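Text of data-v9.cif (mmCIF, C-alpha atoms and all ligand atoms) as supplied:
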data_my_file
#
loop_
_atom_site.label_atom_id
_atom_site.label_comp_id
_atom_site.auth_asym_id
_atom_site.auth_seq_id
_atom_site.Cartn_x
_atom_site.Cartn_y
_atom_site.Cartn_z
CA MET E 385 0.00 0.00 0.00
CA ILE E 386 1.29 3.44 -0.87
CA THR E 387 1.86 5.79 2.05
CA PRO E 388 0.82 9.37 1.34
CA ASN E 389 2.88 12.31 2.58
CA MET E 390 1.75 12.13 6.20
CA ASN E 391 2.91 15.70 6.80
CA TYR E 392 -0.46 16.78 5.39
CA ALA E 393 -2.01 15.39 8.57
CA ASN E 394 0.03 17.98 10.51
CA LEU E 395 -1.50 20.96 8.69
CA LYS E 396 -3.76 23.06 10.87
CA ASP E 397 -7.16 23.70 9.33
CA SER E 398 -7.06 27.06 7.63
CA TYR E 399 -10.16 28.70 9.04
CA LEU E 400 -9.20 32.28 8.33
CA PHE E 401 -10.62 33.18 4.93
CA TYR E 402 -13.20 30.39 5.07
CA ASN E 403 -14.56 31.72 8.37
CA ILE E 404 -14.60 35.25 7.02
CA SER E 405 -16.52 34.23 3.91
CA GLN E 406 -19.04 32.23 5.99
CA LYS E 407 -19.66 35.17 8.33
CA VAL E 408 -20.02 37.57 5.41
CA LYS E 409 -22.41 35.19 3.62
CA ALA E 410 -24.59 34.87 6.72
CA TYR E 411 -24.67 38.66 7.14
CA GLN E 412 -25.64 39.15 3.49
CA GLN E 413 -28.46 36.63 3.77
CA GLU E 414 -29.89 38.59 6.68
CA HIS E 415 -29.21 42.01 5.08
CA PRO E 416 -29.54 41.50 1.32
CA ASP E 417 -29.50 45.25 0.59
CA ALA E 418 -26.47 46.15 2.71
CA HIS E 419 -23.38 47.49 0.94
CA LEU E 420 -20.19 45.92 2.33
CA TYR E 421 -16.84 47.72 2.50
CA ARG E 422 -14.32 45.01 1.65
CA MET E 423 -10.85 45.63 3.03
CA GLY E 424 -10.05 42.08 3.94
CA ILE E 425 -8.40 40.12 1.15
CA GLY E 426 -5.16 41.38 -0.38
CA ASP E 427 -6.37 41.26 -3.96
CA VAL E 428 -6.10 44.19 -6.35
CA SER E 429 -9.17 45.99 -7.69
CA LEU E 430 -7.73 47.98 -10.62
CA PRO E 431 -7.43 46.40 -14.08
CA LEU E 432 -4.10 45.79 -15.82
CA CYS E 433 -2.53 48.95 -17.25
CA ASP E 434 -2.80 49.80 -20.96
CA ALA E 435 0.84 48.97 -21.79
CA VAL E 436 0.35 45.42 -20.46
CA ILE E 437 -3.01 44.93 -22.20
CA LYS E 438 -1.50 46.06 -25.52
CA ALA E 439 1.43 43.63 -25.13
CA LEU E 440 -0.93 40.78 -24.19
CA HIS E 441 -3.03 41.43 -27.33
CA GLU E 442 0.10 41.49 -29.49
CA ALA E 443 1.25 38.23 -27.94
CA VAL E 444 -2.09 36.57 -28.71
CA ASP E 445 -1.77 37.73 -32.33
CA ASP E 446 1.79 36.35 -32.44
CA GLN E 447 0.40 32.95 -31.50
CA ALA E 448 -1.93 33.12 -34.55
CA ASP E 449 0.96 33.77 -36.93
CA ALA E 450 3.08 30.92 -38.33
CA VAL E 451 6.26 33.02 -38.20
CA ARG E 452 5.81 34.75 -34.85
CA PHE E 453 4.29 31.71 -33.09
CA HIS E 454 6.01 30.44 -29.89
CA GLY E 455 5.87 26.87 -28.64
CA TYR E 456 7.57 25.78 -25.41
CA MET E 457 9.33 28.63 -23.68
CA PRO E 458 12.74 28.24 -21.97
CA GLU E 459 12.07 26.73 -18.53
CA CYS E 460 13.86 29.48 -16.59
CA GLY E 461 12.19 32.31 -18.51
CA ALA E 462 12.40 34.11 -21.85
CA PRO E 463 15.96 35.49 -22.17
CA VAL E 464 14.60 38.94 -23.01
CA LEU E 465 12.50 39.06 -19.83
CA ARG E 466 15.40 37.77 -17.68
CA GLU E 467 17.58 40.54 -19.18
CA THR E 468 14.85 43.13 -18.59
CA ILE E 469 14.46 42.18 -14.93
CA ALA E 470 18.24 42.11 -14.39
CA ALA E 471 18.41 45.60 -15.93
CA TYR E 472 15.59 46.74 -13.61
CA TYR E 473 17.74 45.66 -10.64
CA GLY E 474 20.72 47.36 -12.32
CA SER E 475 18.80 50.64 -12.39
CA ARG E 476 18.65 50.36 -8.58
CA GLY E 477 22.38 49.75 -8.28
CA ILE E 478 22.19 45.94 -8.00
CA ALA E 479 24.40 44.10 -10.49
CA LEU E 480 22.73 40.84 -11.57
CA SER E 481 23.32 38.64 -14.54
CA PRO E 482 20.17 37.58 -16.47
CA GLU E 483 21.01 34.00 -15.44
CA ASP E 484 20.47 34.98 -11.78
CA VAL E 485 16.79 35.69 -12.61
CA PHE E 486 14.18 32.92 -12.96
CA VAL E 487 10.76 33.82 -14.37
CA SER E 488 7.92 32.17 -12.44
CA SER E 489 4.14 31.97 -12.36
CA GLY E 490 4.04 33.93 -9.11
CA ALA E 491 5.51 34.09 -5.64
CA SER E 492 3.22 31.49 -4.05
CA ASP E 493 4.42 28.73 -6.36
CA GLU E 494 8.03 29.60 -5.69
CA LEU E 495 7.67 29.87 -1.91
CA GLY E 496 6.63 26.23 -1.82
CA ASP E 497 8.74 24.82 -4.67
CA ILE E 498 12.00 26.41 -3.49
CA LEU E 499 12.06 24.01 -0.53
CA ASP E 500 13.18 21.36 -3.05
CA LEU E 501 16.63 22.94 -2.75
CA PHE E 502 16.98 22.11 0.93
CA ASP E 503 17.34 19.04 3.08
CA ARG E 504 13.97 17.99 4.52
CA GLY E 505 15.55 17.57 7.95
CA GLY E 506 16.40 21.28 8.20
CA SER E 507 14.69 24.06 10.09
CA SER E 508 12.87 27.19 8.91
CA LEU E 509 12.58 30.32 10.98
CA ILE E 510 9.30 32.15 10.43
CA ILE E 511 8.64 35.55 11.96
CA GLU E 512 5.07 35.72 13.24
CA PRO E 513 2.51 37.05 12.53
CA ALA E 514 3.19 35.62 9.08
CA TYR E 515 1.75 35.10 5.62
CA PRO E 516 0.12 31.65 6.21
CA ALA E 517 1.71 29.95 3.17
CA TYR E 518 5.19 30.03 4.78
CA VAL E 519 4.08 27.77 7.61
CA ASP E 520 1.98 25.43 5.49
CA ALA E 521 4.66 24.94 2.81
CA ASN E 522 7.15 23.95 5.51
CA VAL E 523 4.69 21.61 7.23
CA ILE E 524 4.03 19.84 3.91
CA ALA E 525 7.78 19.56 3.31
CA GLY E 526 8.21 18.06 6.79
CA ARG E 527 10.66 20.75 7.93
CA LYS E 528 11.02 21.85 11.52
CA ILE E 529 9.49 25.29 12.03
CA ILE E 530 10.97 27.78 14.47
CA HIS E 531 8.40 30.46 15.24
CA LEU E 532 9.91 33.84 16.05
CA PRO E 533 7.21 36.00 17.61
CA SER E 534 7.23 39.72 16.93
CA GLY E 535 5.21 42.51 18.52
CA ARG E 536 4.72 46.16 19.09
CA GLU E 537 7.90 46.35 21.23
CA ASN E 538 10.10 45.67 18.17
CA GLY E 539 7.79 47.22 15.58
CA PHE E 540 6.98 43.67 14.35
CA LEU E 541 10.55 43.52 12.98
CA PRO E 542 12.61 41.27 15.24
CA GLU E 543 16.38 40.95 14.95
CA PRO E 544 18.43 37.77 15.26
CA GLY E 545 19.40 37.08 18.86
CA GLU E 546 22.25 35.16 20.55
CA ASP E 547 20.09 32.04 20.67
CA THR E 548 18.69 32.26 17.11
CA VAL E 549 19.19 29.08 15.08
CA ALA E 550 17.76 28.35 11.65
CA ASP E 551 18.84 26.97 8.32
CA LEU E 552 16.29 28.91 6.33
CA ILE E 553 15.03 32.35 7.38
CA TYR E 554 11.85 33.85 5.95
CA LEU E 555 11.86 37.65 5.77
CA CYS E 556 8.99 39.57 4.20
CA SER E 557 9.35 43.33 3.74
CA PRO E 558 7.08 45.27 3.36
CA ASN E 559 5.38 42.69 5.51
CA ASN E 560 2.09 40.93 5.07
CA PRO E 561 0.17 41.20 7.40
CA THR E 562 1.83 43.89 9.56
CA GLY E 563 2.90 46.38 6.87
CA ALA E 564 6.20 46.79 8.75
CA VAL E 565 9.30 47.47 6.61
CA PHE E 566 12.88 46.50 7.50
CA ASP E 567 15.38 49.33 7.45
CA ARG E 568 18.92 48.89 6.18
CA GLU E 569 20.39 48.42 9.65
CA LYS E 570 18.08 45.57 10.66
CA LEU E 571 18.39 43.81 7.30
CA THR E 572 22.17 44.10 7.56
CA LYS E 573 21.97 42.23 10.89
CA TRP E 574 20.00 39.39 9.29
CA VAL E 575 22.43 39.22 6.36
CA GLY E 576 25.37 39.15 8.79
CA PHE E 577 23.68 36.41 10.79
CA ALA E 578 22.92 34.30 7.70
CA ASN E 579 26.47 34.56 6.36
CA ALA E 580 27.99 33.80 9.77
CA HIS E 581 25.79 30.73 10.30
CA GLU E 582 25.70 29.64 6.65
CA SER E 583 21.91 29.94 6.71
CA ILE E 584 19.88 31.19 3.76
CA ILE E 585 17.40 34.06 3.79
CA LEU E 586 14.27 33.67 1.66
CA PHE E 587 13.34 37.28 1.07
CA ASP E 588 9.75 37.86 -0.03
CA ALA E 589 9.68 41.17 -1.88
CA ALA E 590 6.08 40.90 -3.17
CA TYR E 591 5.32 44.45 -1.94
CA GLU E 592 8.60 46.19 -2.85
CA ALA E 593 6.87 48.63 -5.20
CA PHE E 594 5.00 50.20 -2.27
CA ILE E 595 8.22 51.57 -0.76
CA ASP E 596 8.49 55.31 -1.41
CA ASP E 597 11.04 56.16 1.28
CA PRO E 598 14.42 56.16 -0.54
CA THR E 599 16.27 55.27 2.68
CA LEU E 600 14.46 51.92 2.96
CA PRO E 601 15.78 48.87 1.08
CA ARG E 602 13.42 47.47 -1.54
CA ARG E 603 15.60 44.47 -2.27
CA ILE E 604 17.69 42.21 -0.05
CA PHE E 605 20.51 42.57 -2.60
CA GLU E 606 20.87 46.24 -1.67
CA ILE E 607 22.54 44.91 1.47
CA PRO E 608 26.25 44.06 1.00
CA GLY E 609 26.87 40.34 1.47
CA ALA E 610 23.31 39.29 0.54
CA GLU E 611 24.51 37.65 -2.68
CA THR E 612 26.15 34.90 -0.64
CA CYS E 613 23.17 34.22 1.66
CA ALA E 614 19.86 35.18 0.05
CA ILE E 615 17.21 34.20 -2.45
CA GLU E 616 14.65 36.85 -3.38
CA ILE E 617 11.13 35.92 -4.42
CA CYS E 618 9.08 38.57 -6.14
CA SER E 619 5.79 38.93 -7.97
CA LEU E 620 3.97 41.27 -10.32
CA SER E 621 0.68 40.50 -8.50
CA LYS E 622 0.51 43.57 -6.32
CA THR E 623 3.02 45.71 -8.26
CA ALA E 624 1.19 45.49 -11.55
CA GLY E 625 -2.17 43.83 -10.87
CA PHE E 626 -1.13 40.34 -12.03
CA THR E 627 -2.99 38.40 -9.30
CA GLY E 628 -5.19 36.73 -11.93
CA THR E 629 -2.66 36.88 -14.79
CA ARG E 630 0.23 35.23 -12.86
CA LEU E 631 3.84 36.27 -13.22
CA GLY E 632 6.71 36.51 -10.79
CA TYR E 633 10.45 36.05 -10.62
CA THR E 634 13.03 34.59 -8.28
CA VAL E 635 16.61 35.78 -7.96
CA ILE E 636 19.30 33.26 -7.00
CA PRO E 637 22.79 34.73 -7.40
CA LYS E 638 25.46 32.44 -8.82
CA ALA E 639 27.57 33.32 -5.76
CA LEU E 640 25.11 31.54 -3.43
CA LYS E 641 26.73 28.22 -2.49
CA ARG E 642 26.37 25.76 0.37
CA ASN E 643 28.29 22.50 0.88
CA GLY E 644 30.04 23.11 -2.44
CA MET E 645 26.69 23.19 -4.29
CA CYS E 646 25.66 26.21 -6.39
CA LEU E 647 21.99 26.89 -5.65
CA ASN E 648 21.49 28.65 -8.98
CA ASP E 649 22.66 25.53 -10.87
CA MET E 650 20.39 23.39 -8.68
CA TRP E 651 17.38 25.62 -9.45
CA VAL E 652 18.10 25.43 -13.20
CA ARG E 653 18.05 21.65 -12.85
CA ASN E 654 14.84 21.83 -10.80
CA ARG E 655 13.02 24.10 -13.23
CA THR E 656 14.08 22.17 -16.30
CA THR E 657 12.73 19.02 -14.64
CA LYS E 658 9.56 20.32 -13.06
CA THR E 659 8.30 23.06 -15.39
CA ASN E 660 7.99 23.83 -19.07
CA GLY E 661 8.22 27.56 -18.58
CA VAL E 662 5.69 30.35 -18.17
CA SER E 663 3.34 31.07 -21.06
CA TYR E 664 4.76 33.24 -23.87
CA ILE E 665 1.71 35.49 -23.76
CA ILE E 666 2.03 36.24 -20.06
CA GLN E 667 5.78 36.83 -20.28
CA LYS E 668 5.26 39.33 -23.08
CA GLY E 669 2.60 41.10 -20.98
CA GLY E 670 4.96 41.07 -17.99
CA ALA E 671 7.85 42.55 -19.96
CA ALA E 672 5.63 45.59 -20.71
CA VAL E 673 5.57 46.37 -16.97
CA PHE E 674 9.27 47.25 -17.14
CA THR E 675 9.00 49.68 -20.08
CA PRO E 676 8.99 53.43 -19.24
CA GLU E 677 5.31 53.57 -20.26
CA GLY E 678 4.45 50.49 -18.15
CA GLN E 679 6.33 51.86 -15.13
CA LYS E 680 4.48 55.16 -15.33
CA GLN E 681 1.12 53.43 -15.62
CA ILE E 682 1.66 50.95 -12.78
CA HIS E 683 2.83 53.77 -10.52
CA ASP E 684 -0.32 55.74 -11.38
CA ASN E 685 -2.31 52.72 -10.18
CA LEU E 686 -0.17 52.22 -7.08
CA ARG E 687 -0.79 55.88 -6.17
CA ILE E 688 -4.50 55.11 -5.89
CA TYR E 689 -3.84 52.32 -3.36
CA LYS E 690 -1.35 54.52 -1.50
CA ASN E 691 -3.99 57.27 -1.26
CA ASN E 692 -6.40 54.70 0.18
CA ALA E 693 -3.80 53.91 2.84
CA ALA E 694 -3.38 57.61 3.62
CA VAL E 695 -7.15 58.08 4.02
CA LEU E 696 -7.37 55.16 6.43
CA MET E 697 -4.31 56.22 8.41
CA GLU E 698 -5.70 59.74 8.87
CA ALA E 699 -8.93 58.28 10.24
CA LEU E 700 -7.02 56.03 12.68
CA ASP E 701 -4.82 58.96 13.74
CA ARG E 702 -7.89 61.07 14.49
CA ALA E 703 -9.32 58.17 16.51
CA SER E 704 -5.96 57.83 18.37
CA VAL E 705 -5.58 54.17 17.45
CA TRP E 706 -2.17 52.46 17.42
CA TYR E 707 -1.22 50.92 14.07
CA CYS E 708 1.78 50.17 11.93
CA GLY E 709 2.10 49.82 8.15
CA GLY E 710 0.20 51.95 5.69
CA LYS E 711 3.37 53.90 4.86
CA ASN E 712 5.44 52.11 2.21
CA SER E 713 2.97 49.24 2.43
CA PRO E 714 -0.57 48.35 1.31
CA TYR E 715 -1.47 46.85 4.71
CA ILE E 716 -2.47 48.58 7.91
CA TRP E 717 -2.16 46.60 11.12
CA MET E 718 -4.11 48.16 13.94
CA ARG E 719 -4.49 47.39 17.63
CA CYS E 720 -8.02 46.24 18.46
CA PRO E 721 -9.84 48.25 21.12
CA GLU E 722 -8.89 47.26 24.69
CA GLY E 723 -10.48 43.97 25.72
CA THR E 724 -11.67 43.02 22.20
CA ASP E 725 -10.11 40.02 20.49
CA SER E 726 -9.58 40.13 16.76
CA TRP E 727 -12.56 37.91 15.82
CA ALA E 728 -14.88 39.88 18.12
CA PHE E 729 -13.64 43.06 16.44
CA PHE E 730 -14.29 41.50 13.03
CA ASP E 731 -17.90 40.76 14.05
CA ARG E 732 -18.36 44.25 15.41
CA LEU E 733 -17.11 45.93 12.24
CA LEU E 734 -19.24 43.71 10.02
CA ASN E 735 -22.43 44.08 12.05
CA GLU E 736 -22.16 47.72 13.06
CA ILE E 737 -20.46 49.46 10.12
CA GLN E 738 -20.38 46.79 7.37
CA VAL E 739 -16.57 47.00 7.06
CA ILE E 740 -14.65 43.77 6.40
CA GLY E 741 -11.05 43.34 7.52
CA THR E 742 -8.93 40.38 8.59
CA PRO E 743 -8.52 39.27 12.23
CA GLY E 744 -4.87 39.25 13.28
CA ALA E 745 -5.24 35.89 15.04
CA GLY E 746 -5.41 34.27 11.59
CA PHE E 747 -1.71 35.06 11.04
CA GLY E 748 -0.39 33.29 14.14
CA ALA E 749 -0.93 33.47 17.88
CA CYS E 750 0.90 36.77 18.34
CA GLY E 751 -1.47 38.40 15.83
CA GLU E 752 -4.25 38.19 18.43
CA GLY E 753 -5.45 41.63 19.48
CA TYR E 754 -4.61 43.12 16.06
CA PHE E 755 -6.53 43.60 12.85
CA ARG E 756 -5.41 43.94 9.22
CA PHE E 757 -6.84 46.27 6.60
CA SER E 758 -5.91 45.91 2.96
CA THR E 759 -5.89 49.14 0.92
CA PHE E 760 -6.46 47.57 -2.51
CA GLY E 761 -10.15 48.52 -2.63
CA ASN E 762 -11.80 51.34 -4.52
CA PRO E 763 -11.26 54.90 -3.22
CA GLU E 764 -14.94 55.76 -2.61
CA ASP E 765 -15.49 52.67 -0.50
CA THR E 766 -12.24 53.26 1.38
CA LYS E 767 -13.28 56.85 2.23
CA GLU E 768 -16.64 55.73 3.53
CA ALA E 769 -15.13 52.79 5.43
CA ALA E 770 -12.59 55.16 7.03
CA ARG E 771 -15.37 57.56 8.05
CA ARG E 772 -17.39 54.74 9.62
CA LEU E 773 -14.34 53.28 11.36
CA GLU E 774 -13.36 56.62 12.86
CA ALA E 775 -16.88 57.21 14.17
CA LEU E 776 -16.95 53.73 15.72
CA LEU E 777 -13.52 54.00 17.34
CA LYS E 778 -13.77 57.54 18.70
N1 LIG J 801 4.00 36.74 -0.61
C1 LIG J 801 3.22 37.52 0.13
C2 LIG J 801 3.78 38.13 1.36
C3 LIG J 801 1.89 37.72 -0.23
O1 LIG J 801 1.11 38.49 0.53
C4 LIG J 801 1.38 37.11 -1.40
C5 LIG J 801 -0.01 37.27 -1.81
O2 LIG J 801 -0.85 37.84 -1.16
C6 LIG J 801 2.25 36.31 -2.13
C7 LIG J 801 3.54 36.15 -1.72
C8 LIG J 801 1.76 35.58 -3.34
O3 LIG J 801 1.91 36.29 -4.49
P1 LIG J 801 1.54 35.67 -5.90
O4 LIG J 801 0.23 36.25 -6.30
O5 LIG J 801 2.66 36.10 -6.79
O6 LIG J 801 1.48 34.19 -5.78
#
Could I get this structure in the form of structure tokens?
Ligand code: PLP
Amino acid sequence: MITPNMNYANLKDSYLFYNISQKVKAYQQEHPDAHLYRMGIGDVSLPLCDAVIKALHEAVDDQADAVRFHGYMPECGAPVLRETIAAYYGSRGIALSPEDVFVSSGASDELGDILDLFDRGGSSLIIEPAYPAYVDANVIAGRKIIHLPSGRENGFLPEPGEDTVADLIYLCSPNNPTGAVFDREKLTKWVGFANAHESIILFDAAYEAFIDDPTLPRRIFEIPGAETCAIEICSLSKTAGFTGTRLGYTVIPKALKRNGMCLNDMWVRNRTTKTNGVSYIIQKGGAAVFTPEGQKQIHDNLRIYKNNAAVLMEALDRASVWYCGGKNSPYIWMRCPEGTDSWAFFDRLLNEIQVIGTPGAGFGACGEGYFRFSTFGNPEDTKEAARRLEALLK
């Protein structure tokens, strides 16, 4: 008899978004005419920008033409897109070779698949509260998880301590769910730790495009020494609205080696075995994001989300509520009112002001007592939700 991967039995039931949708459904059944202000799920609301749409149309036409038609794409990504992304890093002072860049179907796929590079007996350090996929991917892979709690005392950005041990270290900045962003000094400490202990940092840069403050690092490779201890996983989902279109990229510098093995070479071998590349059409659409026109258009869209964050932050400031995030990040992480746990606060917001957010407890035990708002909604709804929230909290 075949034995399935018994690690699946160790997964905790993921109640978070299921519970939210059940509660919302029940409310809607009782109040069919109520308008709901949805600031829960981190999905974008604006359509793809014109430059991307034009490139996608052209790519579809290419596939109808015997000369311009593309069959299988190179497994690690179209050379032109790998060059484009390397040049994008170059424009920020990071020297990469196109071979350091792997085109992917998005960050989620990579966050799970990348564990193929590491021994199953190793440990993964996950800062909590955390994006739930980090924990689940490691449970499925059978790796030991070291939970590093964070809180208000360290701005939800802990540093490595004397007793920190981990083979693989997950860092996410700007962070989901807390919106906290590592500064150069703290990231330098993690890079120093990883090099000293021969660990590897998995840096999730899915929200890098939300960083406006030029003193904050957008990329782990802005930190000297990161090329020998880090892998960066990035996505066009939030940067350019590709949540439903699917495109991301992973950077593994050739200089990253452990036990005499080059992780870049290993990932080439992995991709050429396990994938047949990302669709030509999507890669052509993705390349348009990096053109001057595409960059201008995506930043016009990002400005709308950033304004949403500003509107919500002003309301929380007027109500004297503690929060972090919102600046350089699309998430706002607020303290629930004294004595209210995060699910009770969820119920109160839904029932009293029809605003939907995400209870902090869903991101790990130390998220209890906090609440996450996503700022990817439409501006009118965000303004009204902010007005209602302020009135409720004052
Ligand atoms: N990483 C973080 C921190 C996220 O919040 C998300 C999506 O919400 C992802 C990765 C997944 O991104 P993708 O859509 O590229 O799979």
Worksheet item: Between E:Glu764, E:Asp731, E:Asp417, E:Glu616, which one has atoms that come closest to ligand LIG 801 (chain J), using only C-alpha atoms and all ligand atoms?
Response: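 Of E:Glu764, E:Asp731, E:Asp417, E:Glu616, the one nearest ligand LIG 801 (chain J) is E:Glu616, counting only C-alpha atoms and all ligand atoms.
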Worksheet item: Skipping near chain neighbours, those fewer than 6 positions away, what residues fall within 7 Å of region 436-442 of chain E using only C-alpha atoms, listed as a ChimeraX atom specification?
Response: /E:665-666,668-670,672-673,678
Fill in: Given all atoms listed in the file as the counted atoms, nearest of E:Met385, E:Ile529, E:Ile524, E:Ala514 to ligand LIG 801 (chain J)
E:Ala514
Worksheet entry | Given all atoms listed in the file as the counted atoms, nearest of E:Leu400, E:Leu734, E:Cys556, E:Ala694 to ligand LIG 801 (chain J) |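 Closest to ligand LIG 801 (chain J) of all the choices is E:Cys556.
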Worksheet item: Of the residues E:Val662, E:Ala769, E:Val428, E:Ile688, which is the one nearest to ligand LIG 801 (chain J), using all atoms listed in the file?
Response: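 Nearest to ligand LIG 801 (chain J): E:Val428.
Residues with any atom within 10 Å of Arg536 (chain E), counting all atoms listed in the file and excluding same-chain neighbours fewer than 5 positions away, are E:Leu541, E:Trp706, E:Tyr707, E:Cys708, E:Arg719.
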Worksheet item: Quick one: residues within 7 Å of ligand LIG 801 (chain J), with all atoms listed in the file, as a PyMOL selection string?
Response: chain E and resi 426+490-493+515+556+559-560+588+590+618-621+627+630-632
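Distances to Ser405 (chain E) were evaluated for E:Phe755, E:Ile740, E:Ile553, E:Ile607 using all atoms listed in the file, and the minimum falls at E:Ile740.
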Need the axis-aligned box for region 545-562 of chain E with 8 Å each side, so what are the centre and edges in Å to one decimal, as JSON?
{"center_x": 11.2, "center_y": 36.1, "center_z": 12.0, "size_x": 38.1, "size_y": 34.3, "size_z": 33.3}
Discussion item. Here is a test: counting all atoms listed in the file, which residue of E:Leu420, E:Tyr402, E:Ile604, E:Trp651 is nearest to Ile636 (chain E)?
Written reply: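 Closest candidate: E:Trp651.
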Fill in: Test item: residues at most 9 Å from Gly746 (chain E), all atoms listed in the file, excluding those fewer than 3 positions along its chain, as JSON, numbers by chain
{"E": [398, 399, 400, 401, 513, 516, 726, 742, 743, 749, 751, 752]}
